[in-house]
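Listing of coords.cif; format and content: mmCIF, C-alpha atoms; chains and numbers go by the auth columns.
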data_structure
#
loop_
_atom_site.group_PDB
_atom_site.id
_atom_site.type_symbol
_atom_site.label_atom_id
_atom_site.label_comp_id
_atom_site.label_asym_id
_atom_site.label_seq_id
_atom_site.Cartn_x
_atom_site.Cartn_y
_atom_site.Cartn_z
_atom_site.B_iso_or_equiv
_atom_site.auth_seq_id
_atom_site.auth_asym_id
ATOM 1 C CA MET A 1 -10.247 55.921 -14.965 0.00 1107 A
ATOM 2 C CA ARG A 2 -10.283 58.869 -12.554 0.00 1108 A
ATOM 3 C CA LEU A 3 -8.441 58.781 -9.241 0.00 1109 A
ATOM 4 C CA ASN A 4 -11.619 59.156 -7.186 0.00 1110 A
ATOM 5 C CA GLU A 5 -13.183 56.185 -9.023 0.00 1111 A
ATOM 6 C CA ILE A 6 -10.449 53.777 -7.940 0.00 1112 A
ATOM 7 C CA ARG A 7 -9.762 55.225 -4.517 0.00 1113 A
ATOM 8 C CA LEU A 8 -10.628 53.380 -1.317 0.00 1114 A
ATOM 9 C CA ASN A 9 -13.094 54.970 1.042 0.00 1115 A
ATOM 10 C CA LEU A 10 -10.368 56.217 3.369 0.00 1116 A
ATOM 11 C CA ILE A 11 -10.566 59.718 4.715 0.00 1117 A
ATOM 12 C CA VAL A 12 -7.900 59.864 7.385 0.00 1118 A
ATOM 13 C CA LYS A 13 -8.256 63.245 9.036 0.00 1119 A
ATOM 14 C CA LEU A 14 -5.127 65.320 9.526 0.00 1120 A
ATOM 15 C CA ARG A 15 -4.886 68.378 11.708 0.00 1121 A
ATOM 16 C CA LEU A 16 -1.798 70.554 11.835 0.00 1122 A
ATOM 17 C CA GLN A 17 -1.974 73.145 14.576 0.00 1123 A
ATOM 18 C CA PHE A 18 0.711 75.067 16.401 0.00 1124 A
ATOM 19 C CA ASN A 19 3.470 72.522 16.904 0.00 1125 A
ATOM 20 C CA SER A 20 1.351 69.402 16.642 0.00 1126 A
ATOM 21 C CA VAL A 21 0.212 66.878 14.083 0.00 1127 A
ATOM 22 C CA ARG A 22 -2.929 64.826 14.730 0.00 1128 A
ATOM 23 C CA PHE A 23 -4.338 61.898 12.763 0.00 1129 A
ATOM 24 C CA ARG A 24 -7.931 60.743 13.367 0.00 1130 A
ATOM 25 C CA LEU A 25 -8.816 57.327 11.969 0.00 1131 A
ATOM 26 C CA LYS A 26 -12.139 55.616 11.340 0.00 1132 A
ATOM 27 C CA ARG A 27 -12.656 51.951 12.252 0.00 1133 A
ATOM 28 C CA CYS A 28 -11.567 50.539 8.869 0.00 1134 A
ATOM 29 C CA GLU A 29 -8.448 52.721 8.942 0.00 1135 A
ATOM 30 C CA VAL A 30 -7.502 51.537 12.441 0.00 1136 A
ATOM 31 C CA GLU A 31 -7.957 47.954 11.226 0.00 1137 A
ATOM 32 C CA GLN A 32 -5.882 48.639 8.112 0.00 1138 A
ATOM 33 C CA LEU A 33 -3.077 50.235 10.129 0.00 1139 A
ATOM 34 C CA ALA A 34 -2.988 47.249 12.491 0.00 1140 A
ATOM 35 C CA ARG A 35 -3.149 44.746 9.602 0.00 1141 A
ATOM 36 C CA THR A 36 -0.846 46.327 6.994 0.00 1142 A
ATOM 37 C CA GLY A 37 1.166 48.852 8.983 0.00 1143 A
ATOM 38 C CA ARG A 38 0.140 51.817 6.820 0.00 1144 A
ATOM 39 C CA VAL A 39 -2.665 54.228 6.010 0.00 1145 A
ATOM 40 C CA GLU A 40 -2.317 57.211 3.756 0.00 1146 A
ATOM 41 C CA GLU A 41 -4.298 59.970 2.152 0.00 1147 A
ATOM 42 C CA LYS A 42 -3.513 62.699 -0.350 0.00 1148 A
ATOM 43 C CA ILE A 43 -4.715 66.154 -1.175 0.00 1149 A
ATOM 44 C CA LEU A 44 -4.688 66.855 -4.905 0.00 1150 A
ATOM 45 C CA ILE A 45 -3.598 70.417 -5.619 0.00 1151 A
ATOM 46 C CA GLY A 46 -3.243 70.218 -9.394 0.00 1152 A
ATOM 47 C CA THR A 47 -2.987 67.729 -12.235 0.00 1153 A
ATOM 48 C CA GLY A 48 0.772 67.111 -12.184 0.00 1154 A
ATOM 49 C CA ASP A 49 2.451 64.226 -10.377 0.00 1155 A
ATOM 50 C CA ASP A 50 4.020 66.625 -7.891 0.00 1156 A
ATOM 51 C CA ASP A 51 0.827 68.622 -7.340 0.00 1157 A
ATOM 52 C CA ARG A 52 -0.278 66.775 -4.242 0.00 1158 A
ATOM 53 C CA PHE A 53 0.264 66.600 -0.513 0.00 1159 A
ATOM 54 C CA ASP A 54 0.570 63.084 0.937 0.00 1160 A
ATOM 55 C CA TYR A 55 0.078 62.269 4.577 0.00 1161 A
ATOM 56 C CA VAL A 56 1.085 58.837 5.738 0.00 1162 A
ATOM 57 C CA LEU A 57 0.806 57.019 9.057 0.00 1163 A
ATOM 58 C CA GLU A 58 2.996 53.946 9.540 0.00 1164 A
ATOM 59 C CA SER A 59 3.178 51.348 12.271 0.00 1165 A
ATOM 60 C CA THR A 60 6.729 50.054 12.576 0.00 1166 A
ATOM 61 C CA ALA A 61 9.049 48.269 14.974 0.00 1167 A
ATOM 62 C CA ALA A 62 11.870 50.452 13.606 0.00 1168 A
ATOM 63 C CA VAL A 63 10.997 53.334 15.975 0.00 1169 A
ATOM 64 C CA SER A 64 10.805 53.345 19.770 0.00 1170 A
ATOM 65 C CA SER A 65 8.737 56.531 19.930 0.00 1171 A
ATOM 66 C CA SER A 66 6.514 58.403 17.501 0.00 1172 A
ATOM 67 C CA ARG A 67 8.298 60.517 14.926 0.00 1173 A
ATOM 68 C CA ALA A 68 7.404 62.693 11.955 0.00 1174 A
ATOM 69 C CA THR A 69 9.367 63.339 8.783 0.00 1175 A
ATOM 70 C CA VAL A 70 8.656 65.943 6.129 0.00 1176 A
ATOM 71 C CA THR A 71 9.066 64.656 2.581 0.00 1177 A
ATOM 72 C CA ALA A 72 9.049 66.392 -0.788 0.00 1178 A
ATOM 73 C CA ARG A 73 5.322 65.611 -1.110 0.00 1179 A
ATOM 74 C CA GLY A 74 4.051 65.729 2.456 0.00 1180 A
ATOM 75 C CA ILE A 75 4.519 64.169 5.874 0.00 1181 A
ATOM 76 C CA VAL A 76 5.152 60.662 7.191 0.00 1182 A
ATOM 77 C CA VAL A 77 4.440 59.825 10.829 0.00 1183 A
ATOM 78 C CA GLN A 78 5.782 56.581 12.260 0.00 1184 A
ATOM 79 C CA VAL A 79 4.432 55.052 15.466 0.00 1185 A
ATOM 80 C CA PRO A 80 5.852 52.035 17.316 0.00 1186 A
ATOM 81 C CA SER A 81 3.974 48.919 16.208 0.00 1187 A
ATOM 82 C CA HIS A 82 3.489 47.614 19.762 0.00 1188 A
ATOM 83 C CA GLU A 83 1.656 50.849 20.639 0.00 1189 A
ATOM 84 C CA VAL A 84 -0.537 50.593 17.533 0.00 1190 A
ATOM 85 C CA MET A 85 -1.490 46.978 18.267 0.00 1191 A
ATOM 86 C CA LYS A 86 -2.467 47.793 21.866 0.00 1192 A
ATOM 87 C CA TRP A 87 -4.426 50.886 20.773 0.00 1193 A
ATOM 88 C CA ALA A 88 -6.220 49.083 17.934 0.00 1194 A
ATOM 89 C CA SER A 89 -7.340 46.171 20.100 0.00 1195 A
ATOM 90 C CA THR A 90 -8.535 48.072 23.173 0.00 1196 A
ATOM 91 C CA GLU A 91 -10.771 50.977 24.155 0.00 1197 A
ATOM 92 C CA GLN A 92 -7.705 53.232 24.284 0.00 1198 A
ATOM 93 C CA VAL A 93 -8.627 56.496 22.519 0.00 1199 A
ATOM 94 C CA GLY A 94 -5.244 57.587 21.248 0.00 1200 A
ATOM 95 C CA ILE A 95 -1.507 57.374 21.080 0.00 1201 A
ATOM 96 C CA GLU A 96 0.422 60.473 22.082 0.00 1202 A
ATOM 97 C CA GLY A 97 4.079 61.154 21.556 0.00 1203 A
ATOM 98 C CA GLY A 98 6.555 63.951 21.240 0.00 1204 A
ATOM 99 C CA GLN A 99 9.491 64.578 18.967 0.00 1205 A
ATOM 100 C CA PRO A 100 12.169 66.965 20.203 0.00 1206 A
ATOM 101 C CA VAL A 101 12.860 69.807 17.782 0.00 1207 A
ATOM 102 C CA ASP A 102 15.451 71.661 19.838 0.00 1208 A
ATOM 103 C CA SER A 103 16.222 72.226 23.532 0.00 1209 A
ATOM 104 C CA GLU A 104 13.016 74.227 24.051 0.00 1210 A
ATOM 105 C CA THR A 105 10.579 72.897 21.445 0.00 1211 A
ATOM 106 C CA SER A 106 8.980 69.587 20.603 0.00 1212 A
ATOM 107 C CA LEU A 107 6.461 68.404 18.046 0.00 1213 A
ATOM 108 C CA ARG A 108 3.368 66.828 19.617 0.00 1214 A
ATOM 109 C CA ILE A 109 2.184 63.741 17.700 0.00 1215 A
ATOM 110 C CA LEU A 110 -1.330 62.364 18.240 0.00 1216 A
ATOM 111 C CA VAL A 111 -3.080 59.387 16.653 0.00 1217 A
ATOM 112 C CA GLU A 112 -6.723 59.049 17.670 0.00 1218 A
ATOM 113 C CA LYS A 113 -9.834 57.028 16.957 0.00 1219 A
ATOM 114 C CA ASP A 114 -12.419 59.130 15.139 0.00 1220 A
ATOM 115 C CA PHE A 115 -15.608 59.361 17.204 0.00 1221 A
ATOM 116 C CA ALA A 116 -19.042 60.013 15.760 0.00 1222 A
ATOM 117 C CA CYS A 117 -20.086 63.665 15.850 0.00 1223 A
ATOM 118 C CA VAL A 118 -22.972 64.077 18.278 0.00 1224 A
ATOM 119 C CA ASP A 119 -24.814 66.285 15.797 0.00 1225 A
ATOM 120 C CA GLY A 120 -23.416 64.647 12.635 0.00 1226 A
ATOM 121 C CA THR A 121 -25.382 62.947 9.893 0.00 1227 A
ATOM 122 C CA ASP A 122 -25.360 59.184 9.329 0.00 1228 A
ATOM 123 C CA GLU A 123 -23.106 59.729 6.321 0.00 1229 A
ATOM 124 C CA GLU A 124 -20.645 61.863 8.307 0.00 1230 A
ATOM 125 C CA ASN A 125 -20.605 59.314 11.121 0.00 1231 A
ATOM 126 C CA ALA A 126 -20.218 56.237 8.923 0.00 1232 A
ATOM 127 C CA ASP A 127 -17.543 53.854 10.242 0.00 1233 A
ATOM 128 C CA THR A 128 -16.690 56.059 13.242 0.00 1234 A
ATOM 129 C CA PHE A 129 -16.326 54.862 16.806 0.00 1235 A
ATOM 130 C CA PRO A 130 -19.271 55.408 19.184 0.00 1236 A
ATOM 131 C CA ASN A 131 -19.006 58.794 20.865 0.00 1237 A
ATOM 132 C CA PRO A 132 -18.743 58.382 24.651 0.00 1238 A
ATOM 133 C CA LEU A 133 -20.612 61.708 25.034 0.00 1239 A
ATOM 134 C CA ALA A 134 -23.599 60.644 22.927 0.00 1240 A
ATOM 135 C CA GLY A 135 -26.822 61.081 24.847 0.00 1241 A
ATOM 136 C CA LEU A 136 -25.330 63.361 27.496 0.00 1242 A
ATOM 137 C CA LYS A 137 -26.751 66.823 28.004 0.00 1243 A
ATOM 138 C CA CYS A 138 -24.566 69.854 28.507 0.00 1244 A
#
Can you present the structure in this file as structure tokens?
Amino acid sequence: MRLNEIRLNLIVKLRLQFNSVRFRLKRCEVEQLARTGRVEEKILIGTGDDDRFDYVLESTAAVSSSRATVTARGIVVQVPSHEVMKWASTEQVGIEGGQPVDSETSLRILVEKDFACVDGTDEENADTFPNPLAGLKC
């Protein structure tokens, strides 16, 4: 059986830019994070066990503020569970945190609900949150 045949329909979006990491989650992923405390995705780079990049988002009471850790296979971001529960059960768009790197630098950590693209297809917008800008003209 091939990996993509057994894989759940999760497509957590990850954006790494400058000194920030941003996760965007669809409705089912927000629900899964609130229910199980974890969502993850992987990018397959080759056929070997180590030929992949994992990105994991965890909800945990073990941290008081968001934090990221680089692993041998990718990145793990942990967010306080009380923040995840509030975010998942309200209209709150995202959770934002920062992780100090040194005295002058910090890593910005964002976890957001994935909104429907205004010009996206039904397939692209499946399971997204309603876009608050839908119907507005520029």
- Note on the structure: Counting all atoms listed in the file, the residue among A:Lys1219, A:Glu1147, A:Leu1139, A:Asp1160 that lies closest to Pro1186 (chain A) is A:Leu1139
Taking all listed atoms of region 1180-1188 of chain A, build the axis-aligned box, pad each of the six sides by 3 Å, then write its centre and edge lengths in Å to one decimal as AutoDock Vina command-line options.
--center_x 4.7 --center_y 56.7 --center_z 11.1 --size_x 8.4 --size_y 24.1 --size_z 23.3
- Query: Quick one: of A:Val1183, A:His1188, A:Thr1196, A:Arg1144, who's nearest to Val1217 (chain A), counting only C-alpha atoms?
  - Reply: A:Val1183
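Proximity to Asn1125 (chain A) was assessed for A:Ser1209, A:Glu1218, A:Gly1204, A:Tyr1161 counting only C-alpha atoms; the smallest distance is recorded for A:Gly1204.
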- Quick one: residues within 12 Å of Ile1149 (chain A), only C-alpha atoms counted, chain neighbours fewer than 6 positions away excluded, as a PyMOL selection string? chain A and resi 1109-1110+1117-1120+1155-1162+1179-1181
- For Ala1194 (chain A), work out the shell of residues within 12 Å, counting only C-alpha atoms and skipping chain neighbours fewer than 4 positions away, then give it as number ranges by chain. A: 1131-1141, 1143, 1165, 1187-1190, 1198-1201, 1217-1219, 1235
Generate a file of the selected residues that holds C-alpha atoms, formatted as a JSON list (two decimals), in the frame of the given file.
[["chain", "number", "residue", "atom", "x", "y", "z"],
["A", 1131, "LEU", "CA", -8.82, 57.33, 11.97],
["A", 1132, "LYS", "CA", -12.14, 55.62, 11.34],
["A", 1133, "ARG", "CA", -12.66, 51.95, 12.25],
["A", 1134, "CYS", "CA", -11.57, 50.54, 8.87],
["A", 1135, "GLU", "CA", -8.45, 52.72, 8.94],
["A", 1136, "VAL", "CA", -7.50, 51.54, 12.44],
["A", 1137, "GLU", "CA", -7.96, 47.95, 11.23],
["A", 1138, "GLN", "CA", -5.88, 48.64, 8.11],
["A", 1139, "LEU", "CA", -3.08, 50.24, 10.13],
["A", 1140, "ALA", "CA", -2.99, 47.25, 12.49],
["A", 1141, "ARG", "CA", -3.15, 44.75, 9.60],
["A", 1143, "GLY", "CA", 1.17, 48.85, 8.98],
["A", 1165, "SER", "CA", 3.18, 51.35, 12.27],
["A", 1187, "SER", "CA", 3.97, 48.92, 16.21],
["A", 1188, "HIS", "CA", 3.49, 47.61, 19.76],
["A", 1189, "GLU", "CA", 1.66, 50.85, 20.64],
["A", 1190, "VAL", "CA", -0.54, 50.59, 17.53],
["A", 1198, "GLN", "CA", -7.70, 53.23, 24.28],
["A", 1199, "VAL", "CA", -8.63, 56.50, 22.52],
["A", 1200, "GLY", "CA", -5.24, 57.59, 21.25],
["A", 1201, "ILE", "CA", -1.51, 57.37, 21.08],
["A", 1217, "VAL", "CA", -3.08, 59.39, 16.65],
["A", 1218, "GLU", "CA", -6.72, 59.05, 17.67],
["A", 1219, "LYS", "CA", -9.83, 57.03, 16.96],
["A", 1235, "PHE", "CA", -16.33, 54.86, 16.81]]
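With CA of Val1145 (chain A) on one side and CA of Glu1164 (chain A) on the other, the separation reads 6.7 Å.
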- Message: From the options A:Gly1203, A:Lys1192, A:Ser1212, A:Gly1154, which residue's atoms come nearest to Val1169 (chain A), counting all atoms listed in the file?
- Response: A:Gly1203
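A straight line drawn from CA of Val1127 (chain A) to CA of Arg1173 (chain A) is 10.3 Å long.
Between CA of Val1185 (chain A) and CA of Thr1166 (chain A) the separation is 6.2 Å.
Near Glu1202 (chain A), within 8 Å and counting all atoms listed in the file, sit Ser1172, Arg1214, Ile1215, Leu1216 and Val1217 of chain A; same-chain residues fewer than 4 positions away were not included.
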- Restricting to only C-alpha atoms, whichever of A:Thr1153, A:Asp1208, A:Glu1146, A:Glu1197 is closest to Gln1184 (chain A) is A:Glu1146
